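Colleague: Next comes my_file-v9.cif, mmCIF, C-alpha atoms:
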data_target
#
loop_
_atom_site.group_PDB
_atom_site.id
_atom_site.type_symbol
_atom_site.label_atom_id
_atom_site.label_comp_id
_atom_site.auth_asym_id
_atom_site.auth_seq_id
_atom_site.Cartn_x
_atom_site.Cartn_y
_atom_site.Cartn_z
ATOM 1 C CA MET A 1 100.461 1.592 -55.450
ATOM 2 C CA GLY A 2 101.412 -2.073 -55.447
ATOM 3 C CA ALA A 3 103.267 -3.810 -58.238
ATOM 4 C CA GLU A 4 100.186 -5.756 -59.363
ATOM 5 C CA ALA A 5 98.144 -2.548 -59.727
ATOM 6 C CA ARG A 6 101.049 -0.865 -61.474
ATOM 7 C CA LEU A 7 101.221 -3.669 -64.048
ATOM 8 C CA ARG A 8 97.529 -3.173 -64.804
ATOM 9 C CA GLU A 9 98.053 0.570 -65.109
ATOM 10 C CA LEU A 10 100.900 -0.004 -67.572
ATOM 11 C CA GLY A 11 98.742 -2.453 -69.531
ATOM 12 C CA ILE A 12 101.250 -5.261 -69.034
ATOM 13 C CA GLU A 13 100.001 -8.830 -68.961
ATOM 14 C CA LEU A 14 102.501 -11.430 -67.820
ATOM 15 C CA PRO A 15 103.004 -14.499 -70.017
ATOM 16 C CA PRO A 16 102.724 -18.106 -68.854
ATOM 17 C CA VAL A 17 105.670 -19.141 -66.704
ATOM 18 C CA PRO A 18 108.511 -20.136 -69.044
ATOM 19 C CA PRO A 19 109.735 -23.726 -68.808
ATOM 20 C CA PRO A 20 113.281 -24.342 -67.541
ATOM 21 C CA MET A 21 115.838 -24.939 -70.289
ATOM 22 C CA GLY A 22 117.693 -27.546 -68.239
ATOM 23 C CA THR A 23 117.794 -29.463 -64.970
ATOM 24 C CA TYR A 24 117.014 -26.656 -62.547
ATOM 25 C CA VAL A 25 114.125 -24.757 -60.986
ATOM 26 C CA ARG A 26 113.085 -21.216 -61.842
ATOM 27 C CA ALA A 27 113.107 -19.888 -58.274
ATOM 28 C CA VAL A 28 114.548 -20.851 -54.887
ATOM 29 C CA ARG A 29 113.499 -19.210 -51.612
ATOM 30 C CA VAL A 30 116.119 -18.918 -48.869
ATOM 31 C CA GLY A 31 114.899 -17.014 -45.829
ATOM 32 C CA ASN A 32 113.554 -13.674 -46.988
ATOM 33 C CA LEU A 33 115.404 -13.799 -50.318
ATOM 34 C CA LEU A 34 114.088 -15.262 -53.569
ATOM 35 C CA TYR A 35 116.712 -16.270 -56.126
ATOM 36 C CA LEU A 36 115.455 -16.280 -59.720
ATOM 37 C CA ALA A 37 117.237 -18.348 -62.370
ATOM 38 C CA GLY A 38 118.403 -16.747 -65.577
ATOM 39 C CA HIS A 39 115.558 -15.931 -67.995
ATOM 40 C CA GLY A 40 115.756 -14.990 -71.649
ATOM 41 C CA PRO A 41 113.449 -12.957 -73.886
ATOM 42 C CA ARG A 42 110.347 -14.906 -74.951
ATOM 43 C CA GLN A 43 107.344 -13.927 -77.010
ATOM 44 C CA ASP A 44 104.337 -16.084 -77.865
ATOM 45 C CA GLY A 45 106.006 -19.003 -76.100
ATOM 46 C CA LYS A 46 109.165 -18.858 -78.240
ATOM 47 C CA HIS A 47 112.636 -17.381 -77.973
ATOM 48 C CA ALA A 48 112.801 -13.807 -79.221
ATOM 49 C CA TYR A 49 115.735 -11.597 -80.136
ATOM 50 C CA VAL A 50 118.141 -14.319 -81.165
ATOM 51 C CA GLY A 51 121.609 -13.215 -82.245
ATOM 52 C CA LYS A 52 124.593 -11.176 -81.163
ATOM 53 C CA VAL A 53 124.207 -7.566 -80.113
ATOM 54 C CA GLY A 54 126.657 -5.498 -82.139
ATOM 55 C CA ARG A 55 126.337 -7.736 -85.186
ATOM 56 C CA ASP A 56 122.815 -9.132 -85.613
ATOM 57 C CA LEU A 57 121.037 -6.732 -83.254
ATOM 58 C CA THR A 58 121.453 -3.062 -82.375
ATOM 59 C CA VAL A 59 121.865 -1.739 -78.845
ATOM 60 C CA GLU A 60 118.232 -0.551 -78.965
ATOM 61 C CA GLU A 61 117.040 -4.022 -79.958
ATOM 62 C CA GLY A 62 119.123 -5.508 -77.159
ATOM 63 C CA ALA A 63 117.455 -3.120 -74.698
ATOM 64 C CA ARG A 64 114.021 -4.213 -75.948
ATOM 65 C CA ALA A 65 115.099 -7.825 -75.474
ATOM 66 C CA SER A 66 116.125 -7.173 -71.875
ATOM 67 C CA ARG A 67 112.832 -5.349 -71.274
ATOM 68 C CA LEU A 68 111.043 -8.458 -72.496
ATOM 69 C CA VAL A 69 112.997 -10.585 -69.998
ATOM 70 C CA VAL A 70 111.267 -8.648 -67.201
ATOM 71 C CA LEU A 71 107.948 -10.301 -68.039
ATOM 72 C CA GLY A 72 109.265 -13.833 -67.659
ATOM 73 C CA LEU A 73 111.056 -13.067 -64.411
ATOM 74 C CA LEU A 74 107.985 -11.382 -62.954
ATOM 75 C CA ALA A 75 105.833 -14.353 -63.972
ATOM 76 C CA SER A 76 108.201 -16.717 -62.134
ATOM 77 C CA THR A 77 108.272 -14.379 -59.129
ATOM 78 C CA ARG A 78 104.476 -14.257 -58.959
ATOM 79 C CA GLU A 79 104.298 -18.058 -59.197
ATOM 80 C CA ALA A 80 106.760 -18.424 -56.305
ATOM 81 C CA LEU A 81 105.224 -15.775 -54.025
ATOM 82 C CA GLY A 82 101.566 -15.708 -55.050
ATOM 83 C CA SER A 83 101.656 -11.953 -55.721
ATOM 84 C CA LEU A 84 104.224 -9.406 -56.883
ATOM 85 C CA ASP A 85 103.089 -7.220 -54.003
ATOM 86 C CA ARG A 86 105.150 -9.522 -51.766
ATOM 87 C CA VAL A 87 108.341 -8.196 -53.339
ATOM 88 C CA LYS A 88 109.837 -5.787 -50.822
ATOM 89 C CA ARG A 89 112.830 -4.851 -52.952
ATOM 90 C CA VAL A 90 114.762 -5.922 -56.031
ATOM 91 C CA VAL A 91 118.201 -6.572 -54.557
ATOM 92 C CA LYS A 92 120.628 -7.754 -57.248
ATOM 93 C CA VAL A 93 120.527 -8.288 -61.001
ATOM 94 C CA LEU A 94 123.008 -10.017 -63.304
ATOM 95 C CA GLY A 95 122.548 -9.148 -66.973
ATOM 96 C CA MET A 96 124.406 -11.239 -69.564
ATOM 97 C CA VAL A 97 124.585 -9.941 -73.123
ATOM 98 C CA ASN A 98 125.431 -12.140 -76.104
ATOM 99 C CA CYS A 99 127.648 -9.707 -77.980
ATOM 100 C CA THR A 100 130.540 -9.359 -80.363
ATOM 101 C CA GLU A 101 134.145 -9.147 -79.225
ATOM 102 C CA GLY A 102 135.005 -5.608 -78.209
ATOM 103 C CA PHE A 103 131.355 -4.608 -77.588
ATOM 104 C CA GLY A 104 131.154 -2.328 -74.568
ATOM 105 C CA ASP A 105 127.542 -1.145 -74.308
ATOM 106 C CA GLN A 106 126.234 -3.953 -72.100
ATOM 107 C CA PRO A 107 124.945 -1.425 -69.512
ATOM 108 C CA LYS A 108 122.793 0.281 -72.165
ATOM 109 C CA VAL A 109 121.335 -3.088 -73.166
ATOM 110 C CA VAL A 110 120.491 -4.106 -69.589
ATOM 111 C CA ASN A 111 119.033 -0.653 -68.916
ATOM 112 C CA GLY A 112 115.934 -1.855 -70.771
ATOM 113 C CA PHE A 113 115.405 -4.329 -67.933
ATOM 114 C CA SER A 114 116.293 -1.960 -65.101
ATOM 115 C CA ASP A 115 114.115 0.883 -66.371
ATOM 116 C CA LEU A 116 111.011 -1.326 -66.515
ATOM 117 C CA MET A 117 111.675 -2.733 -63.042
ATOM 118 C CA VAL A 118 111.670 0.816 -61.668
ATOM 119 C CA GLU A 119 108.425 1.510 -63.550
ATOM 120 C CA VAL A 120 106.801 -1.504 -61.893
ATOM 121 C CA PHE A 121 108.252 -1.337 -58.359
ATOM 122 C CA GLY A 122 109.208 2.336 -58.030
ATOM 123 C CA GLU A 123 112.200 2.989 -55.785
ATOM 124 C CA ALA A 124 112.032 -0.615 -54.582
ATOM 125 C CA GLY A 125 112.889 -1.626 -58.145
ATOM 126 C CA ARG A 126 116.284 0.087 -58.075
ATOM 127 C CA HIS A 127 118.902 -2.605 -57.659
ATOM 128 C CA ALA A 128 122.589 -3.419 -57.559
ATOM 129 C CA ARG A 129 123.593 -4.764 -60.960
ATOM 130 C CA SER A 130 126.241 -6.339 -63.139
ATOM 131 C CA ALA A 131 126.063 -6.164 -66.937
ATOM 132 C CA VAL A 132 128.581 -8.390 -68.695
ATOM 133 C CA GLY A 133 129.295 -9.621 -72.201
ATOM 134 C CA MET A 134 129.145 -13.279 -73.206
ATOM 135 C CA SER A 135 130.504 -15.040 -76.279
ATOM 136 C CA ALA A 136 127.335 -17.166 -76.435
ATOM 137 C CA LEU A 137 124.060 -17.787 -74.578
ATOM 138 C CA PRO A 138 121.602 -20.739 -74.653
ATOM 139 C CA ALA A 139 119.674 -21.044 -77.933
ATOM 140 C CA GLY A 140 121.535 -17.992 -79.213
ATOM 141 C CA ILE A 141 119.377 -15.546 -77.240
ATOM 142 C CA ALA A 142 120.665 -11.986 -77.052
ATOM 143 C CA VAL A 143 120.171 -11.485 -73.316
ATOM 144 C CA GLU A 144 119.861 -13.601 -70.178
ATOM 145 C CA ILE A 145 119.105 -12.017 -66.812
ATOM 146 C CA GLU A 146 118.856 -13.386 -63.278
ATOM 147 C CA MET A 147 117.863 -11.542 -60.124
ATOM 148 C CA ILE A 148 117.473 -11.694 -56.356
ATOM 149 C CA VAL A 149 114.508 -10.090 -54.598
ATOM 150 C CA GLU A 150 113.713 -9.482 -50.947
ATOM 151 C CA VAL A 151 110.380 -10.921 -49.841
ATOM 152 C CA ALA A 152 108.056 -9.029 -47.511
ATOM 153 C CA SER A 153 106.773 -10.927 -44.499
ATOM 154 C CA GLY A 154 103.426 -12.629 -44.885
ATOM 155 C CA PRO A 155 101.846 -16.030 -45.477
ATOM 156 C CA ASP A 156 103.254 -18.096 -48.285
ATOM 157 C CA PRO A 157 100.902 -19.404 -50.967
ATOM 158 C CA ALA A 158 99.371 -22.782 -50.180
ATOM 159 C CA PRO A 159 101.360 -25.607 -51.779
ATOM 160 C CA ALA A 160 99.686 -27.651 -54.457
ATOM 161 C CA ALA A 161 97.978 -30.765 -53.134
ATOM 162 C CA ARG A 162 100.023 -33.904 -53.612
ATOM 163 C CA PRO A 163 98.328 -37.114 -54.673
ATOM 164 C CA ARG A 164 98.124 -39.595 -51.839
ATOM 165 C CA SER A 165 99.960 -42.843 -52.274
ATOM 166 C CA PRO A 166 97.909 -45.984 -51.676
ATOM 167 C CA ARG A 167 98.135 -47.317 -48.156
ATOM 168 C CA ALA A 168 100.197 -50.420 -47.615
ATOM 169 C CA PRO A 169 98.181 -53.378 -46.286
ATOM 170 C CA ALA A 170 98.266 -53.710 -42.519
ATOM 171 C CA LEU A 171 100.779 -56.238 -41.283
ATOM 172 C CA ASP A 172 99.491 -59.290 -39.495
ATOM 173 C CA PRO A 173 101.443 -59.674 -36.237
ATOM 174 C CA HIS A 174 100.866 -63.446 -36.408
ATOM 175 C CA ALA A 175 102.178 -63.802 -39.938
ATOM 176 C CA THR A 176 105.169 -66.059 -40.485
ATOM 177 C CA PRO A 177 108.142 -64.197 -42.025
ATOM 178 C CA GLY A 178 108.484 -65.013 -45.714
ATOM 179 C CA ARG A 179 104.866 -66.121 -46.091
ATOM 180 C CA ARG A 180 102.273 -64.112 -47.941
ATOM 181 C CA GLY A 181 98.925 -63.526 -46.410
ATOM 182 C CA PRO A 182 97.810 -63.958 -42.824
ATOM 183 C CA SER A 183 98.877 -67.031 -40.936
ATOM 184 C CA ARG A 184 96.347 -69.463 -39.593
ATOM 185 C CA THR A 185 95.647 -68.954 -35.935
ATOM 186 C CA HIS A 186 93.761 -71.245 -33.592
ATOM 187 C CA ALA A 187 90.746 -69.996 -31.745
ATOM 188 C CA PRO A 188 91.232 -70.056 -27.963
ATOM 189 C CA SER A 189 89.818 -73.167 -26.343
ATOM 190 C CA SER A 190 86.660 -72.780 -24.264
ATOM 191 C CA ARG A 191 87.651 -75.726 -22.033
ATOM 192 C CA ARG A 192 89.106 -74.883 -18.658
ATOM 193 C CA PRO A 193 92.270 -76.626 -17.527
ATOM 194 C CA PRO A 194 91.691 -79.334 -14.876
ATOM 195 C CA LYS A 195 92.043 -78.307 -11.278
ATOM 196 C CA ARG A 196 95.051 -79.573 -9.424
ATOM 197 C CA ARG A 197 94.488 -81.687 -6.352
ATOM 198 C CA ARG A 198 96.000 -80.457 -3.155
#
Would you mind writing the file's structure down as structure tokens?
Modeller:
Amino acid sequence: MGAEARLRELGIELPPVPPPMGTYVRAVRVGNLLYLAGHGPRQDGKHAYVGKVGRDLTVEEGARASRLVVLGLLASTREALGSLDRVKRVVKVLGMVNCTEGFGDQPKVVNGFSDLMVEVFGEAGRHARSAVGMSALPAGIAVEIEMIVEVASGPDPAPAARPRSPRAPALDPHATPGRRGPSRTHAPSSRRPPKRRR
């Protein structure tokens, strides 16, 4: 079963692609690898699960936050590839947890993400991973996760049509440099030159 069918079976509907929070793009394709920028938990178009795990949020709430991050990352992946069925394997994941000093359950928090990825992609969803603590994350979100996926061979989605720029006016080869508009040319004379006497 493909990832798209599995999402439908799980009753998961992906949200609109989240906007970047800075000067960057959400995904970059290099060869057969797709690099996804860090995504945070969003719900109804807004940041969700804001605060520090270990103080404002429990480990269980942090895990739910990281599970929510899956949806945004999958939405960006689908936009870049056209279909989640083009994901051959989830290769590497970096999970960053906004937590208190001395907090050591980052792996349990990021497990919320990893578990759902396995539910969607099966064995291909099992990945290498780092789960680290951060003193702060953008907008105070509890979790930020980035990932790298391997792309199966196949045609890429057609790029969006770009608006055509207006054509520049054709240059007149007889125009004088520095003058606007065509130069005045003389019509060729119909009179023949006089014959030379021998």
Colleague: Residues near segment 68-70 of chain A, anyone? I mean within 6 Å using only C-alpha atoms, not counting same-chain ones fewer than 2 positions away, as a list in words.
Modeller: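 Neighbouring residues, sequence-local ones excluded: Gly40, Pro41, Ala65, Ser66, Gly72 and Leu73 of chain A.
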Colleague: Go ahead and save the residues from that selection, with C-alpha atoms, as a PDB file, in the frame of the given file.
Modeller:
ATOM      1  CA  GLY A  40     115.756 -14.990 -71.649  1.00  0.00           C
ATOM      2  CA  PRO A  41     113.449 -12.957 -73.886  1.00  0.00           C
ATOM      3  CA  ALA A  65     115.099  -7.825 -75.474  1.00  0.00           C
ATOM      4  CA  SER A  66     116.125  -7.173 -71.875  1.00  0.00           C
ATOM      5  CA  GLY A  72     109.265 -13.833 -67.659  1.00  0.00           C
ATOM      6  CA  LEU A  73     111.056 -13.067 -64.411  1.00  0.00           C
TER       7      LEU A  73
END
Colleague: Looking at only C-alpha atoms, which of A:Ser83, A:Thr100, A:Asn32, A:Thr23 is the one that sits closest to Ala3 of chain A?
Modeller: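 Ranked by minimum distance to Ala3 of chain A, first place goes to A:Ser83.
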Colleague: Near Val50 of chain A, counting only C-alpha atoms, which residues have an atom at most 8 Å away, once you skip same-chain residues fewer than 5 positions from it, shown as a ChimeraX atom specification?
Modeller: /A:139-142
Colleague: Please indicate the distance in Å from atom CA of Ser76 of chain A to atom CA of Thr58 of chain A, rounded to one decimal place.
Modeller: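 These two atoms are separated by 27.8 Å.
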Colleague: Which distance in Å separates atom CA of Leu14 of chain A and atom CA of Ser153 of chain A, to one decimal?
Modeller: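 Interatomic distance here is 23.7 Å.
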Colleague: Place all heavy atoms on segment 75-86 of chain A and deliver the coordinates as a PDB file, in the coordinates of the input.
Modeller:
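Final output, selection-v7.pdb:
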ATOM      1  N   ALA A  75     106.761 -13.221 -63.985  1.00  0.00           N
ATOM      2  CA  ALA A  75     105.833 -14.353 -63.972  1.00  0.00           C
ATOM      3  C   ALA A  75     106.329 -15.438 -63.017  1.00  0.00           C
ATOM      4  O   ALA A  75     105.561 -16.012 -62.245  1.00  0.00           O
ATOM      5  CB  ALA A  75     105.659 -14.906 -65.387  1.00  0.00           C
ATOM      6  N   SER A  76     107.632 -15.716 -63.041  1.00  0.00           N
ATOM      7  CA  SER A  76     108.201 -16.717 -62.134  1.00  0.00           C
ATOM      8  C   SER A  76     108.147 -16.242 -60.689  1.00  0.00           C
ATOM      9  O   SER A  76     107.920 -17.033 -59.767  1.00  0.00           O
ATOM     10  CB  SER A  76     109.645 -17.024 -62.535  1.00  0.00           C
ATOM     11  OG  SER A  76     109.693 -17.686 -63.782  1.00  0.00           O
ATOM     12  N   THR A  77     108.341 -14.937 -60.482  1.00  0.00           N
ATOM     13  CA  THR A  77     108.272 -14.379 -59.129  1.00  0.00           C
ATOM     14  C   THR A  77     106.860 -14.495 -58.583  1.00  0.00           C
ATOM     15  O   THR A  77     106.649 -14.883 -57.424  1.00  0.00           O
ATOM     16  CB  THR A  77     108.718 -12.906 -59.139  1.00  0.00           C
ATOM     17  OG1 THR A  77     110.043 -12.814 -59.665  1.00  0.00           O
ATOM     18  CG2 THR A  77     108.688 -12.323 -57.738  1.00  0.00           C
ATOM     19  N   ARG A  78     105.881 -14.164 -59.403  1.00  0.00           N
ATOM     20  CA  ARG A  78     104.476 -14.257 -58.959  1.00  0.00           C
ATOM     21  C   ARG A  78     104.119 -15.699 -58.638  1.00  0.00           C
ATOM     22  O   ARG A  78     103.428 -15.980 -57.657  1.00  0.00           O
ATOM     23  CB  ARG A  78     103.544 -13.716 -60.042  1.00  0.00           C
ATOM     24  CG  ARG A  78     102.061 -13.829 -59.673  1.00  0.00           C
ATOM     25  CD  ARG A  78     101.186 -13.539 -60.876  1.00  0.00           C
ATOM     26  NE  ARG A  78     101.035 -12.111 -61.099  1.00  0.00           N
ATOM     27  CZ  ARG A  78     100.500 -11.601 -62.215  1.00  0.00           C
ATOM     28  NH1 ARG A  78     100.125 -12.404 -63.194  1.00  0.00           N
ATOM     29  NH2 ARG A  78     100.363 -10.289 -62.348  1.00  0.00           N
ATOM     30  N   GLU A  79     104.593 -16.648 -59.457  1.00  0.00           N
ATOM     31  CA  GLU A  79     104.298 -18.058 -59.197  1.00  0.00           C
ATOM     32  C   GLU A  79     104.888 -18.484 -57.853  1.00  0.00           C
ATOM     33  O   GLU A  79     104.257 -19.228 -57.093  1.00  0.00           O
ATOM     34  CB  GLU A  79     104.875 -18.925 -60.310  1.00  0.00           C
ATOM     35  CG  GLU A  79     104.601 -20.422 -60.107  1.00  0.00           C
ATOM     36  CD  GLU A  79     105.359 -21.285 -61.087  1.00  0.00           C
ATOM     37  OE1 GLU A  79     106.606 -21.210 -61.120  1.00  0.00           O
ATOM     38  OE2 GLU A  79     104.716 -22.042 -61.818  1.00  0.00           O
ATOM     39  N   ALA A  80     106.090 -18.009 -57.542  1.00  0.00           N
ATOM     40  CA  ALA A  80     106.760 -18.424 -56.305  1.00  0.00           C
ATOM     41  C   ALA A  80     106.154 -17.770 -55.072  1.00  0.00           C
ATOM     42  O   ALA A  80     106.095 -18.395 -54.005  1.00  0.00           O
ATOM     43  CB  ALA A  80     108.255 -18.092 -56.391  1.00  0.00           C
ATOM     44  N   LEU A  81     105.685 -16.525 -55.195  1.00  0.00           N
ATOM     45  CA  LEU A  81     105.224 -15.775 -54.025  1.00  0.00           C
ATOM     46  C   LEU A  81     103.715 -15.615 -53.950  1.00  0.00           C
ATOM     47  O   LEU A  81     103.189 -15.213 -52.913  1.00  0.00           O
ATOM     48  CB  LEU A  81     105.877 -14.381 -54.014  1.00  0.00           C
ATOM     49  CG  LEU A  81     107.402 -14.343 -53.980  1.00  0.00           C
ATOM     50  CD1 LEU A  81     107.887 -12.904 -53.980  1.00  0.00           C
ATOM     51  CD2 LEU A  81     107.948 -15.095 -52.774  1.00  0.00           C
ATOM     52  N   GLY A  82     103.017 -15.886 -55.042  1.00  0.00           N
ATOM     53  CA  GLY A  82     101.566 -15.708 -55.050  1.00  0.00           C
ATOM     54  C   GLY A  82     101.139 -14.340 -55.517  1.00  0.00           C
ATOM     55  O   GLY A  82     100.068 -14.178 -56.096  1.00  0.00           O
ATOM     56  N   SER A  83     101.967 -13.322 -55.300  1.00  0.00           N
ATOM     57  CA  SER A  83     101.656 -11.953 -55.721  1.00  0.00           C
ATOM     58  C   SER A  83     102.953 -11.158 -55.792  1.00  0.00           C
ATOM     59  O   SER A  83     103.844 -11.321 -54.940  1.00  0.00           O
ATOM     60  CB  SER A  83     100.691 -11.282 -54.744  1.00  0.00           C
ATOM     61  OG  SER A  83     100.567  -9.902 -55.033  1.00  0.00           O
ATOM     62  N   LEU A  84     103.048 -10.273 -56.783  1.00  0.00           N
ATOM     63  CA  LEU A  84     104.224  -9.406 -56.883  1.00  0.00           C
ATOM     64  C   LEU A  84     104.247  -8.360 -55.780  1.00  0.00           C
ATOM     65  O   LEU A  84     105.282  -7.737 -55.533  1.00  0.00           O
ATOM     66  CB  LEU A  84     104.248  -8.725 -58.257  1.00  0.00           C
ATOM     67  CG  LEU A  84     104.455  -9.660 -59.453  1.00  0.00           C
ATOM     68  CD1 LEU A  84     104.388  -8.876 -60.752  1.00  0.00           C
ATOM     69  CD2 LEU A  84     105.780 -10.406 -59.341  1.00  0.00           C
ATOM     70  N   ASP A  85     103.125  -8.164 -55.112  1.00  0.00           N
ATOM     71  CA  ASP A  85     103.089  -7.220 -54.003  1.00  0.00           C
ATOM     72  C   ASP A  85     103.892  -7.723 -52.810  1.00  0.00           C
ATOM     73  O   ASP A  85     104.109  -6.970 -51.855  1.00  0.00           O
ATOM     74  CB  ASP A  85     101.642  -6.945 -53.586  1.00  0.00           C
ATOM     75  CG  ASP A  85     100.869  -6.200 -54.666  1.00  0.00           C
ATOM     76  OD1 ASP A  85     101.512  -5.503 -55.487  1.00  0.00           O
ATOM     77  OD2 ASP A  85      99.632  -6.318 -54.710  1.00  0.00           O
ATOM     78  N   ARG A  86     104.318  -8.976 -52.846  1.00  0.00           N
ATOM     79  CA  ARG A  86     105.150  -9.522 -51.766  1.00  0.00           C
ATOM     80  C   ARG A  86     106.617  -9.203 -51.957  1.00  0.00           C
ATOM     81  O   ARG A  86     107.438  -9.499 -51.098  1.00  0.00           O
ATOM     82  CB  ARG A  86     104.977 -11.038 -51.671  1.00  0.00           C
ATOM     83  CG  ARG A  86     103.570 -11.457 -51.405  1.00  0.00           C
ATOM     84  CD  ARG A  86     103.329 -12.384 -50.269  1.00  0.00           C
ATOM     85  NE  ARG A  86     104.376 -12.644 -49.345  1.00  0.00           N
ATOM     86  CZ  ARG A  86     104.802 -13.879 -49.036  1.00  0.00           C
ATOM     87  NH1 ARG A  86     104.278 -14.921 -49.617  1.00  0.00           N
ATOM     88  NH2 ARG A  86     105.739 -14.049 -48.129  1.00  0.00           N
TER      89      ARG A  86
END
